[in-house]
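In what follows, a structure is listed as structure tokens, so that the remarks can point back to it.
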Amino acid sequence: MSEEKTWVRAGEDFCTNCREVRPFYRKMEEETVEEEGEEPFTFLRTVTRCFVCDSEMETEGLVDLNTEEYLDARCEALGLIQRRDLCRLMELYEIGKAPLSLALGFGEITVTRWLTGCFPSKEYSDICKRALKDPSFMRKCLKENREKLTRVCFEKADRAAARLEKSASLSKELLAAVRETFRLMGEITPLALQKLLYFMQGLSYALLNAPFYPEDCEAWAHGPVVRPVYELLRDFCFDPTEDPRFSVLEGGEALAEDKQKILLLTLKGFGRYNPRVLELLTHRESPWRKAREGLLPGDPGYRYLRKEDIRECFLELNKQYDLSTPAGIRRYVEDALKDREGGI
Ligand SMILES: [Zn+2]
């Protein structure tokens, strides 16, 4: 009986046994494969069966689907780059299949062949994996093979790589903060992320008496902004973990334990509020106000918030509210909101 529950009703197609269009059911089965000279691996095979006569059906797209599953699983088992990562690589550097092959020093149709089912060698696969994580390496490859590419193509890819290169030069703490925030918060807007990064810095000064990350925040009209993070994420997908550029954030070092605690506290304490509420808080606090002296609300402003001001401000708030727990943070936020209501 429990077997039946794993079947999912999936659609209608022609059943060669019934000689009629029939509804069919779909099921995923783990299949273990042993290719000669390779370790066995498993992949998920999709099976469809006729709802009426229960014979196996070959529904539209099924063969392709299973072939892709099989190829991906085998690539993974062999430690080779997967096709979806090749696609990310092309998106990441805004480059097509043929020029990507040339830029990495391969033959022109190499990547195209991999995408249609051939397997890369370990050596070539490693070059692709490195290019995916390391924009400086990609720039080096582009330069070396420049004469094989059109000028437009080279410039476009090099610009994309240069932008990523700058972002990849973020401190490891900041990279980890961004990566972990996305991992733990799921979908989050760039605006909300910037606020959380600022409060992370503040809580770190308050509780560890040291900055979370060495980068400075600029006093933009809508609150503090760490510019290199802004530039990296400027036009990310709504779910950044789905964005090819996220690979630059992955694979960095883990945070030290005390910083990881600050990060979790920030997300628990401040992460529950709407970014507009967080913006309101930053506008009340002295570091942002000081950095915007002489500017009107809404004026662009790119002066840095002084680290010393952030430190003083949060040490003081910590004395008043005890920011070491989410409850203390909540008291602070609620007081700030009350003040605002009273002030209007
Ligand atoms: Zn049938």
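Just so we're on the same page: first chain in the structure tokens is A, next is B, and so on; residues restart at 1 for each chain, and ligands are numbered from 1 in the order they show up.
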
At most 6 Å from ligand 1 (only C-alpha atoms and all ligand atoms): residue list as a ChimeraX atom specification: /A:15,17-18,50,52-53,55

Per-residue DSSP, stretch 6-126 of chain A, filtered to alpha helix (DSSP H), as a PyMOL selection string: chain A and resi 62-77+83-92+97-103+110-115+122-126

For the residues selected in the previous step, produce a file with N, CA and C atoms as a short mmCIF file (atom, residue, chain, number, x, y, z; two decimals), in the first residue's frame.
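Written output follows (result_37.cif):
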```cif
data_model
loop_
_atom_site.label_atom_id
_atom_site.label_comp_id
_atom_site.auth_asym_id
_atom_site.auth_seq_id
_atom_site.Cartn_x
_atom_site.Cartn_y
_atom_site.Cartn_z
N LEU A 62 10.60 12.01 -21.33
CA LEU A 62 11.09 11.11 -20.28
C LEU A 62 12.54 10.66 -20.52
N VAL A 63 12.83 10.31 -21.77
CA VAL A 63 14.18 9.82 -22.08
C VAL A 63 15.22 10.91 -21.81
N ASP A 64 14.91 12.12 -22.26
CA ASP A 64 15.83 13.24 -22.04
C ASP A 64 16.05 13.47 -20.56
N LEU A 65 14.94 13.44 -19.82
CA LEU A 65 15.01 13.69 -18.38
C LEU A 65 15.92 12.67 -17.70
N ASN A 66 15.73 11.40 -18.04
CA ASN A 66 16.54 10.36 -17.42
C ASN A 66 17.98 10.41 -17.88
N THR A 67 18.19 10.77 -19.14
CA THR A 67 19.56 10.89 -19.63
C THR A 67 20.29 11.99 -18.87
N GLU A 68 19.61 13.11 -18.65
CA GLU A 68 20.24 14.22 -17.93
C GLU A 68 20.56 13.84 -16.50
N GLU A 69 19.60 13.19 -15.84
CA GLU A 69 19.83 12.74 -14.46
C GLU A 69 21.06 11.83 -14.39
N TYR A 70 21.10 10.91 -15.35
CA TYR A 70 22.19 9.94 -15.39
C TYR A 70 23.54 10.64 -15.61
N LEU A 71 23.57 11.57 -16.56
CA LEU A 71 24.83 12.26 -16.86
C LEU A 71 25.31 13.08 -15.67
N ASP A 72 24.36 13.79 -15.02
CA ASP A 72 24.74 14.61 -13.87
C ASP A 72 25.27 13.75 -12.73
N ALA A 73 24.58 12.65 -12.48
CA ALA A 73 25.01 11.78 -11.38
C ALA A 73 26.39 11.18 -11.67
N ARG A 74 26.60 10.82 -12.93
CA ARG A 74 27.89 10.20 -13.27
C ARG A 74 29.02 11.23 -13.18
N CYS A 75 28.75 12.44 -13.66
CA CYS A 75 29.74 13.52 -13.54
C CYS A 75 30.09 13.75 -12.08
N GLU A 76 29.06 13.78 -11.25
CA GLU A 76 29.29 14.04 -9.84
C GLU A 76 30.14 12.92 -9.23
N ALA A 77 29.80 11.67 -9.57
CA ALA A 77 30.54 10.53 -9.03
C ALA A 77 32.01 10.58 -9.46
N ARG A 83 26.88 19.90 -15.81
CA ARG A 83 26.43 20.80 -16.87
C ARG A 83 25.80 22.08 -16.32
N ARG A 84 25.10 21.96 -15.18
CA ARG A 84 24.48 23.19 -14.66
C ARG A 84 25.57 24.18 -14.22
N ASP A 85 26.74 23.67 -13.77
CA ASP A 85 27.82 24.59 -13.41
C ASP A 85 28.47 25.20 -14.65
N LEU A 86 28.48 24.46 -15.73
CA LEU A 86 28.97 25.04 -16.99
C LEU A 86 28.06 26.19 -17.41
N CYS A 87 26.75 25.99 -17.23
CA CYS A 87 25.81 27.05 -17.58
C CYS A 87 26.02 28.25 -16.67
N ARG A 88 26.28 27.98 -15.39
CA ARG A 88 26.55 29.08 -14.46
C ARG A 88 27.80 29.84 -14.89
N LEU A 89 28.78 29.09 -15.32
CA LEU A 89 30.05 29.70 -15.76
C LEU A 89 29.80 30.68 -16.92
N MET A 90 28.95 30.27 -17.85
CA MET A 90 28.65 31.14 -19.00
C MET A 90 27.87 32.38 -18.56
N GLU A 91 26.92 32.17 -17.64
CA GLU A 91 26.16 33.32 -17.15
C GLU A 91 27.06 34.27 -16.36
N LEU A 92 27.89 33.67 -15.54
CA LEU A 92 28.77 34.43 -14.65
C LEU A 92 29.64 35.41 -15.44
N LYS A 97 29.08 29.49 -25.37
CA LYS A 97 29.79 28.20 -25.30
C LYS A 97 31.12 28.23 -26.04
N ALA A 98 31.07 28.66 -27.31
CA ALA A 98 32.29 28.62 -28.13
C ALA A 98 33.37 29.56 -27.58
N PRO A 99 33.04 30.84 -27.32
CA PRO A 99 34.09 31.69 -26.76
C PRO A 99 34.58 31.24 -25.38
N LEU A 100 33.70 30.62 -24.59
CA LEU A 100 34.16 30.11 -23.29
C LEU A 100 35.22 29.03 -23.51
N SER A 101 34.94 28.12 -24.45
CA SER A 101 35.91 27.06 -24.76
C SER A 101 37.26 27.67 -25.15
N LEU A 102 37.19 28.68 -26.02
CA LEU A 102 38.43 29.31 -26.51
C LEU A 102 39.15 30.05 -25.39
N ALA A 103 38.37 30.74 -24.58
CA ALA A 103 38.97 31.54 -23.50
C ALA A 103 39.71 30.65 -22.50
N THR A 110 34.40 22.34 -27.59
CA THR A 110 34.55 21.48 -26.40
C THR A 110 33.37 21.60 -25.44
N VAL A 111 33.03 22.82 -25.04
CA VAL A 111 31.96 22.99 -24.06
C VAL A 111 30.62 22.53 -24.65
N THR A 112 30.41 22.83 -25.93
CA THR A 112 29.18 22.38 -26.60
C THR A 112 29.06 20.85 -26.51
N ARG A 113 30.14 20.16 -26.72
CA ARG A 113 30.11 18.69 -26.66
C ARG A 113 29.79 18.20 -25.25
N TRP A 114 30.34 18.85 -24.26
CA TRP A 114 30.04 18.44 -22.87
C TRP A 114 28.57 18.65 -22.56
N LEU A 115 28.04 19.74 -23.08
CA LEU A 115 26.64 20.05 -22.78
C LEU A 115 25.70 19.06 -23.45
N LYS A 122 39.41 15.18 -16.59
CA LYS A 122 39.58 15.74 -15.24
C LYS A 122 40.31 17.09 -15.32
N GLU A 123 41.32 17.14 -16.16
CA GLU A 123 42.14 18.35 -16.28
C GLU A 123 41.29 19.55 -16.74
N TYR A 124 40.53 19.35 -17.79
CA TYR A 124 39.68 20.43 -18.31
C TYR A 124 38.58 20.79 -17.32
N SER A 125 38.05 19.75 -16.70
CA SER A 125 36.99 19.98 -15.72
C SER A 125 37.50 20.85 -14.56
N ASP A 126 38.74 20.56 -14.12
CA ASP A 126 39.31 21.35 -13.01
C ASP A 126 39.53 22.80 -13.40
#
```

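The neighbours of A:Ala254 here are the residues that come within 12 Å of it, using only C-alpha atoms and leaving out any residue fewer than 4 positions away in the same chain; they are Lys172, Glu173, Leu174, Leu175, Ala176, Ala177, Val178, Arg179, Glu180, Leu249, Glu250, Asp258, Lys259 and Gln260 of chain A.
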
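In this model, the gap between atom CA of A:Ile262 and atom CA of A:Glu187 comes to 20.3 Å.
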
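Here the DSSP assignment of strand (DSSP E or B), based on backbone atoms, applies within stretch 101-251 of chain A to Glu218, Ala219, Trp220, Gly223, Pro224 and Val225 of chain A.
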
Can those selected residues be exported to a file as an mmCIF file, in the first residue's frame so that it contains N, CA and C atoms?
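Output file out-v7.cif is given in full below:
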```
data_model
loop_
_atom_site.group_PDB
_atom_site.id
_atom_site.type_symbol
_atom_site.label_atom_id
_atom_site.label_comp_id
_atom_site.auth_asym_id
_atom_site.auth_seq_id
_atom_site.Cartn_x
_atom_site.Cartn_y
_atom_site.Cartn_z
ATOM 1 N N GLU A 218 29.353 53.092 3.973
ATOM 2 C CA GLU A 218 29.121 54.462 3.517
ATOM 3 C C GLU A 218 27.729 54.914 3.951
ATOM 4 N N ALA A 219 27.605 56.237 4.188
ATOM 5 C CA ALA A 219 26.327 56.763 4.681
ATOM 6 C C ALA A 219 25.429 57.175 3.524
ATOM 7 N N TRP A 220 24.778 56.204 2.911
ATOM 8 C CA TRP A 220 23.873 56.488 1.801
ATOM 9 C C TRP A 220 22.551 57.022 2.350
ATOM 10 N N GLY A 223 20.552 54.665 4.458
ATOM 11 C CA GLY A 223 21.232 53.969 5.547
ATOM 12 C C GLY A 223 22.624 53.515 5.137
ATOM 13 N N PRO A 224 23.321 52.881 6.066
ATOM 14 C CA PRO A 224 24.703 52.466 5.790
ATOM 15 C C PRO A 224 24.767 51.376 4.725
ATOM 16 N N VAL A 225 25.761 51.469 3.859
ATOM 17 C CA VAL A 225 25.925 50.504 2.772
ATOM 18 C C VAL A 225 27.400 50.113 2.643
#
```

Shell around stretch 277-293 of chain A at 6 Å using only C-alpha atoms, local window under 3 positions removed, as a list in words: Ala219, Gly223, Asn274, Arg303, Leu305, Asp309 and Ile310 of chain A

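Across the model, the gap from atom CA of A:Ser167 to atom CA of A:Thr181 is 16.6 Å.
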
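Nearest residue to A:Leu295 among A:Ala221, A:Asp13, A:Leu203, A:Ala210 is A:Ala221, counting only C-alpha atoms.
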
Shortest interatomic distance to A:Gly117 - which of A:Tyr93, A:Lys156, A:Gln82, A:Lys166, counting only C-alpha atoms: A:Gln82

Each stretch 248-283 of chain A residue no farther than 7 Å from stretch 317-333 of chain A, nearest pair in Å, only C-alpha atoms, as CSV:
```
residue,atom,partner,partner_atom,distance
A:Leu265,CA,A:Pro326,CA,6.4
A:Lys268,CA,A:Pro326,CA,6.1
A:Gly269,CA,A:Pro326,CA,4.3
```

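The space separating atom CA of A:Gly11 from atom CA of A:Pro23 comes to 5.5 Å.
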
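Counting only C-alpha atoms, the residue from A:Glu155, A:Gly271, A:Ser136, A:Leu296 that sits nearest to A:Gly186 is A:Gly271.
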
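Excluding A:Val226 itself and same-chain residues fewer than 2 positions from it, the residues having an atom within 8 Å of it are A:Gln194, A:Leu197, A:Glu215, A:Asp216, A:Cys217, A:Glu218, A:Pro224, A:Pro228, A:Val229, A:Tyr230, counting only C-alpha atoms.
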
Non-local contacts of A:Thr266 (7 Å; only C-alpha atoms; under 5 positions in same chain excluded) as an MDAnalysis selection string: chainID A and resid 196 199:200 271

Deliver the residues from the most recent selection as a file, using C-alpha atoms, as an mmCIF file, in the first residue's frame.
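Result went into part_26.cif, see below:
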```cif
data_model
loop_
_atom_site.group_PDB
_atom_site.id
_atom_site.type_symbol
_atom_site.label_atom_id
_atom_site.label_comp_id
_atom_site.auth_asym_id
_atom_site.auth_seq_id
_atom_site.Cartn_x
_atom_site.Cartn_y
_atom_site.Cartn_z
ATOM 1 C CA LEU A 196 21.872 43.492 8.790
ATOM 2 C CA PHE A 199 23.967 45.811 12.789
ATOM 3 C CA MET A 200 26.372 42.872 12.699
ATOM 4 C CA GLY A 271 16.344 40.011 10.938
#
```

Non-local contacts of A:Leu233 (10 Å; only C-alpha atoms; under 5 positions in same chain excluded) as a compact mmCIF listing (two decimals) with C-alpha atoms, in the first residue's frame:
```
# COMPACT_ATOMS: atom_id res chain seq x y z
CA LEU A 164 33.48 39.86 -9.68
CA SER A 167 33.83 41.56 -5.00
CA THR A 189 16.47 42.05 -0.39
CA PRO A 190 19.77 43.90 -0.90
CA ARG A 227 29.69 49.33 -1.29
CA PRO A 228 31.54 46.23 -2.56
CA PRO A 240 20.73 35.03 -4.68
CA ASP A 243 22.44 33.36 -9.07
CA ARG A 245 27.61 34.73 -9.04
CA PHE A 246 26.81 33.12 -5.73
```
